[in-house]
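Accompanying notes for the structure given below.
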Amino acid sequence: MKLAFLLDTFGTCVGQLRDELLPLEEIAETWQFPYDIVFVWRVLPESYGRKTFRRFDGNDNTLALDMSIIFEQYQRMSKNEQREALGIFLYNYLSESVAKYKKYADTETQNRFLANIKNWMLENNWLDGKINQARELLSHNRGLYEVSRQLKMPLEEIEYILLRMNDYEPTDVHPDNIAAGKASPYHL
């Protein structure tokens, strides 16, 4: 099967995160699934009002998942936060979408495919990753430095996670996005 991730983005880490999915695309080529799936991630300002939608093309035997991501939200997130937020959004929307096309793939085939995706995402910190682990440790009153060492994450990021857990809502662009913004933009 073909599994592809395309982008229309700038100013966030989503382009770099898309590159992390290249091994998943390669692994998916070895899987047996009755149709191809193409994701398009559009990181756009909320004012555009763009909605997420899906479309199945029976002629090409391809499910297209066009996912709208709010630029302003992702600008305030670290790269790790973006990875986990995208992972949750991707997996949930994929699960919901695959379930809508039962005539192309039976429940057992769908479940096997989704299990493969979920396992890869768990192994690569796209689901239940370091951000979630840090939140769990911090909620049990573990020290910032201890969490930083255990998860091999910068102390500043652990402090940032703790602030976010206590309802701090940053208004500035996260430094990860500033660094990502210096790279060439990703376009379709």
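We label chains A, B, ... in the order they appear in the structure tokens, count residues from 1 in each chain, and number ligands from 1 in the order shown.
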**Request:** Quick one: everything within 10 Å of Leu114 of chain A, counting only C-alpha atoms, minus sequence neighbours fewer than 5 positions away in the same chain. Send it as a list in words.
**Result:**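 Listing them by chain and then by number gives Tyr91, Leu94, Ser95, Val98, Glu108, Thr109, Asn119 and Trp120 of chain A.
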Those residues you just picked out, can you put them in a file as a PDB file, in the first residue's frame with N, CA and C atoms?
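New file out.pdb:
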ATOM      1  N   TYR A  91      -3.973   9.866  14.159  1.00  0.00           N
ATOM      2  CA  TYR A  91      -4.466   8.526  14.448  1.00  0.00           C
ATOM      3  C   TYR A  91      -5.995   8.509  14.597  1.00  0.00           C
ATOM      4  N   LEU A  94      -7.596   9.132  11.166  1.00  0.00           N
ATOM      5  CA  LEU A  94      -7.380   7.959  10.323  1.00  0.00           C
ATOM      6  C   LEU A  94      -8.323   6.827  10.733  1.00  0.00           C
ATOM      7  N   SER A  95      -8.429   6.572  12.017  1.00  0.00           N
ATOM      8  CA  SER A  95      -9.320   5.509  12.512  1.00  0.00           C
ATOM      9  C   SER A  95     -10.761   5.767  12.104  1.00  0.00           C
ATOM     10  N   VAL A  98     -11.037   5.405   8.103  1.00  0.00           N
ATOM     11  CA  VAL A  98     -10.962   4.034   7.613  1.00  0.00           C
ATOM     12  C   VAL A  98     -12.273   3.301   7.921  1.00  0.00           C
ATOM     13  N   GLU A 108     -11.488  -6.708  10.222  1.00  0.00           N
ATOM     14  CA  GLU A 108     -10.223  -7.338  10.596  1.00  0.00           C
ATOM     15  C   GLU A 108      -9.033  -6.673   9.887  1.00  0.00           C
ATOM     16  N   THR A 109      -9.186  -6.386   8.612  1.00  0.00           N
ATOM     17  CA  THR A 109      -8.130  -5.715   7.837  1.00  0.00           C
ATOM     18  C   THR A 109      -7.886  -4.306   8.379  1.00  0.00           C
ATOM     19  N   ASN A 119       1.285   1.010  16.609  1.00  0.00           N
ATOM     20  CA  ASN A 119       2.550   0.496  17.137  1.00  0.00           C
ATOM     21  C   ASN A 119       3.725   1.350  16.691  1.00  0.00           C
ATOM     22  N   TRP A 120       3.747   1.722  15.411  1.00  0.00           N
ATOM     23  CA  TRP A 120       4.837   2.574  14.915  1.00  0.00           C
ATOM     24  C   TRP A 120       4.816   3.921  15.636  1.00  0.00           C
TER      25      TRP A 120
END
Between segment 91-140 of chain A and segment 49-63 of chain A, at 12 Å or less, what are the per-residue closest atom pairs and their distances in Å? Count only C-alpha atoms, order by chain and rising residue number, and return it as a tab-separated table.
residue	atom	partner	partner_atom	distance
A:Tyr93	CA	A:Arg54	CA	9.3
A:Leu94	CA	A:Arg54	CA	9.7
A:Glu96	CA	A:Arg54	CA	10.3
A:Ser97	CA	A:Arg54	CA	7.3
A:Val98	CA	A:Leu63	CA	8.5
A:Ala99	CA	A:Leu63	CA	11.7
A:Lys100	CA	A:Phe56	CA	9.9
A:Tyr101	CA	A:Phe56	CA	8.4
A:Lys102	CA	A:Phe56	CA	12.0
A:Lys103	CA	A:Gly58	CA	11.3
A:Tyr104	CA	A:Asn61	CA	9.0
A:Ala105	CA	A:Asn61	CA	11.5
Please, could you write that set of residues out with N, CA and C atoms as an mmCIF file, in the first residue's frame?
data_model
loop_
_atom_site.group_PDB
_atom_site.id
_atom_site.type_symbol
_atom_site.label_atom_id
_atom_site.label_comp_id
_atom_site.auth_asym_id
_atom_site.auth_seq_id
_atom_site.Cartn_x
_atom_site.Cartn_y
_atom_site.Cartn_z
ATOM 1 N N TYR A 93 -8.233 10.650 13.385
ATOM 2 C CA TYR A 93 -8.905 10.940 12.117
ATOM 3 C C TYR A 93 -8.751 9.768 11.143
ATOM 4 N N LEU A 94 -7.596 9.132 11.166
ATOM 5 C CA LEU A 94 -7.380 7.959 10.323
ATOM 6 C C LEU A 94 -8.323 6.827 10.733
ATOM 7 N N GLU A 96 -11.200 6.993 12.310
ATOM 8 C CA GLU A 96 -12.564 7.381 11.949
ATOM 9 C C GLU A 96 -12.789 7.251 10.439
ATOM 10 N N SER A 97 -11.815 7.663 9.665
ATOM 11 C CA SER A 97 -11.948 7.658 8.207
ATOM 12 C C SER A 97 -11.948 6.249 7.636
ATOM 13 N N VAL A 98 -11.037 5.405 8.103
ATOM 14 C CA VAL A 98 -10.962 4.034 7.613
ATOM 15 C C VAL A 98 -12.273 3.301 7.921
ATOM 16 N N ALA A 99 -12.850 3.578 9.081
ATOM 17 C CA ALA A 99 -14.104 2.918 9.481
ATOM 18 C C ALA A 99 -15.270 3.280 8.556
ATOM 19 N N LYS A 100 -15.189 4.415 7.888
ATOM 20 C CA LYS A 100 -16.266 4.861 6.997
ATOM 21 C C LYS A 100 -16.288 4.093 5.668
ATOM 22 N N TYR A 101 -15.215 3.389 5.353
ATOM 23 C CA TYR A 101 -15.123 2.719 4.057
ATOM 24 C C TYR A 101 -15.011 1.209 4.225
ATOM 25 N N LYS A 102 -15.974 0.642 4.918
ATOM 26 C CA LYS A 102 -15.994 -0.795 5.210
ATOM 27 C C LYS A 102 -16.129 -1.648 3.960
ATOM 28 N N LYS A 103 -16.728 -1.103 2.921
ATOM 29 C CA LYS A 103 -16.897 -1.914 1.714
ATOM 30 C C LYS A 103 -15.562 -2.169 1.006
ATOM 31 N N TYR A 104 -14.546 -1.371 1.338
ATOM 32 C CA TYR A 104 -13.225 -1.548 0.727
ATOM 33 C C TYR A 104 -12.281 -2.379 1.603
ATOM 34 N N ALA A 105 -12.518 -2.366 2.931
ATOM 35 C CA ALA A 105 -11.655 -3.117 3.854
ATOM 36 C C ALA A 105 -12.514 -3.601 5.019
#
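Interatomic distance, atom CA of Glu81 of chain A to atom CA of Ile131 of chain A: 6.4 Å.
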- Could you pull the residues within 9 Å of Ser139 of chain A, counting only C-alpha atoms, minus those fewer than 5 positions along the same chain, as a list in words?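 Contacts, in chain order: Ala134, Leu162 and Met165 of chain A.
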Step one, run DSSP on the backbone; step two, keep only residues of chain A assigned to helix (DSSP H, G or I); then write them as a ChimeraX atom specification. /A:14-20,22-28,46-48,71-75,79-99,107-123,130-139,144-151,155-165,175-181
A straight line from atom CA of Arg76 of chain A to atom CA of Gly129 of chain A spans 18.5 Å
Using only C-alpha atoms, which residue out of A:Phe10, A:Trp31, A:Trp126, A:Phe5 lies closest to Arg83 of chain A?
->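 Nearest to Arg83 of chain A: A:Trp126.
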- If you count only C-alpha atoms, which residues fall within 10 Å of Ser47 of chain A, apart from same-chain ones fewer than 6 positions away, as JSON, numbers by chain? {"A": [70, 71, 72]}
Separating atom CA of Leu151 of chain A from atom CA of Leu21 of chain A, to the nearest tenth of an Å, is a gap of 21.7 Å
Ser78 of chain A surroundings by only C-alpha atoms, 10 Å radius, close-in-sequence under 6 positions cut, as a compact mmCIF listing (two decimals) with all heavy atoms, in the first residue's frame:
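Wrote it out as out23.txt, contents follow:
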# COMPACT_ATOMS: atom_id res chain seq x y z
N THR A 12 6.18 26.57 11.49
CA THR A 12 6.03 25.61 12.58
C THR A 12 7.00 24.46 12.33
O THR A 12 7.69 24.44 11.31
CB THR A 12 4.59 25.04 12.65
OG1 THR A 12 4.33 24.27 11.48
CG2 THR A 12 3.55 26.14 12.80
N CYS A 13 7.00 23.49 13.21
CA CYS A 13 7.87 22.32 13.07
C CYS A 13 7.21 21.21 12.28
O CYS A 13 7.79 20.13 12.13
CB CYS A 13 8.26 21.80 14.46
SG CYS A 13 9.25 22.96 15.42
N ILE A 131 6.21 14.11 25.95
CA ILE A 131 5.40 15.16 26.58
C ILE A 131 4.43 14.51 27.56
O ILE A 131 4.30 14.95 28.71
CB ILE A 131 4.64 15.99 25.53
CG1 ILE A 131 5.62 16.74 24.62
CG2 ILE A 131 3.67 16.95 26.18
CD1 ILE A 131 6.44 17.81 25.29
N GLU A 157 12.42 22.71 28.52
CA GLU A 157 11.19 22.14 27.99
C GLU A 157 10.35 21.52 29.11
O GLU A 157 9.12 21.63 29.11
CB GLU A 157 11.46 21.10 26.91
CG GLU A 157 10.18 20.62 26.27
CD GLU A 157 10.34 20.02 24.90
OE1 GLU A 157 11.46 19.78 24.46
OE2 GLU A 157 9.30 19.78 24.26
N TYR A 160 8.65 24.31 30.80
CA TYR A 160 7.57 24.77 29.93
C TYR A 160 6.34 23.86 30.05
O TYR A 160 5.21 24.33 30.13
CB TYR A 160 8.09 24.80 28.49
CG TYR A 160 7.13 25.31 27.45
CD1 TYR A 160 6.86 26.67 27.34
CD2 TYR A 160 6.50 24.44 26.58
CE1 TYR A 160 5.98 27.14 26.38
CE2 TYR A 160 5.63 24.90 25.62
CZ TYR A 160 5.37 26.25 25.52
OH TYR A 160 4.49 26.71 24.58
N ILE A 161 6.57 22.55 30.11
CA ILE A 161 5.47 21.59 30.26
C ILE A 161 4.76 21.82 31.59
O ILE A 161 3.52 21.83 31.65
CB ILE A 161 5.99 20.14 30.15
CG1 ILE A 161 6.48 19.86 28.73
CG2 ILE A 161 4.91 19.13 30.57
CD1 ILE A 161 7.30 18.59 28.59
N VAL A 173 5.85 32.97 20.05
CA VAL A 173 6.23 31.83 19.21
C VAL A 173 7.26 31.01 19.98
O VAL A 173 8.21 31.54 20.53
CB VAL A 173 6.83 32.33 17.88
CG1 VAL A 173 7.34 31.19 17.05
CG2 VAL A 173 5.82 33.16 17.12
N HIS A 174 7.06 29.71 20.02
CA HIS A 174 8.00 28.83 20.70
C HIS A 174 9.32 28.84 19.93
O HIS A 174 9.33 28.86 18.70
CB HIS A 174 7.44 27.41 20.79
CG HIS A 174 8.21 26.54 21.71
ND1 HIS A 174 9.39 25.94 21.34
CD2 HIS A 174 7.99 26.17 23.00
CE1 HIS A 174 9.87 25.24 22.35
NE2 HIS A 174 9.03 25.36 23.38
N PRO A 175 10.46 28.82 20.64
CA PRO A 175 11.77 28.85 19.97
C PRO A 175 11.97 27.74 18.93
O PRO A 175 12.68 27.94 17.94
CB PRO A 175 12.77 28.70 21.12
CG PRO A 175 12.04 29.20 22.32
CD PRO A 175 10.59 28.88 22.10
N ASP A 176 11.36 26.57 19.14
CA ASP A 176 11.49 25.49 18.14
C ASP A 176 10.95 25.94 16.79
O ASP A 176 11.48 25.58 15.74
CB ASP A 176 10.72 24.24 18.58
CG ASP A 176 11.38 23.52 19.75
OD1 ASP A 176 12.50 23.90 20.15
OD2 ASP A 176 10.75 22.57 20.27
N ASN A 177 9.89 26.74 16.80
CA ASN A 177 9.29 27.21 15.55
C ASN A 177 10.12 28.32 14.90
O ASN A 177 10.13 28.45 13.69
CB ASN A 177 7.86 27.70 15.80
CG ASN A 177 6.97 26.54 16.19
OD1 ASN A 177 6.95 25.52 15.53
ND2 ASN A 177 6.24 26.70 17.27
Q) Using the chain letters and numbers from this document, which residues of segment 9-80 of chain A does DSSP assign to strand (DSSP E), as a VMD selection string? A) chain A and resid 36 to 44 53 to 57 62 to 70
May I have the residues from that selection written out with C-alpha atoms, as a CSV table (one decimal), in the first residue's frame?
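So part23.csv came out as:
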chain,number,residue,atom,x,y,z
A,36,ASP,CA,-3.8,3.9,-0.6
A,37,ILE,CA,-4.0,6.7,1.9
A,38,VAL,CA,-2.7,10.2,1.3
A,39,PHE,CA,-2.6,12.9,4.1
A,40,VAL,CA,-2.4,16.6,3.3
A,41,TRP,CA,-1.5,18.7,6.4
A,42,ARG,CA,-2.4,22.3,6.0
A,43,VAL,CA,-1.1,24.6,8.7
A,44,LEU,CA,-3.1,27.7,8.1
A,53,PHE,CA,-12.3,16.7,5.2
A,54,ARG,CA,-11.9,13.3,3.6
A,55,ARG,CA,-12.5,12.0,0.1
A,56,PHE,CA,-12.3,8.5,-1.4
A,57,ASP,CA,-11.5,8.2,-5.0
A,62,THR,CA,-7.1,6.2,-2.7
A,63,LEU,CA,-8.4,7.8,0.5
A,64,ALA,CA,-7.4,11.5,0.7
A,65,LEU,CA,-7.3,13.0,4.2
A,66,ASP,CA,-7.0,16.8,4.1
A,67,MET,CA,-6.3,17.9,7.6
A,68,SER,CA,-6.4,21.5,8.7
A,69,ILE,CA,-4.1,22.5,11.5
A,70,ILE,CA,-4.4,25.9,13.2
Write out as a PyMOL selection string which residues come within 12 Å of Leu22 of chain A when counting only C-alpha atoms, dropping same-chain ones fewer than 4 positions away. chain A and resi 2-6+15-18+26-29+120
For Gly143 of chain A, which residue out of A:Ile88, A:Leu163, A:Ile158, A:Leu127 is the nearest one, using only C-alpha atoms?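 Nearest to Gly143 of chain A: A:Ile158.
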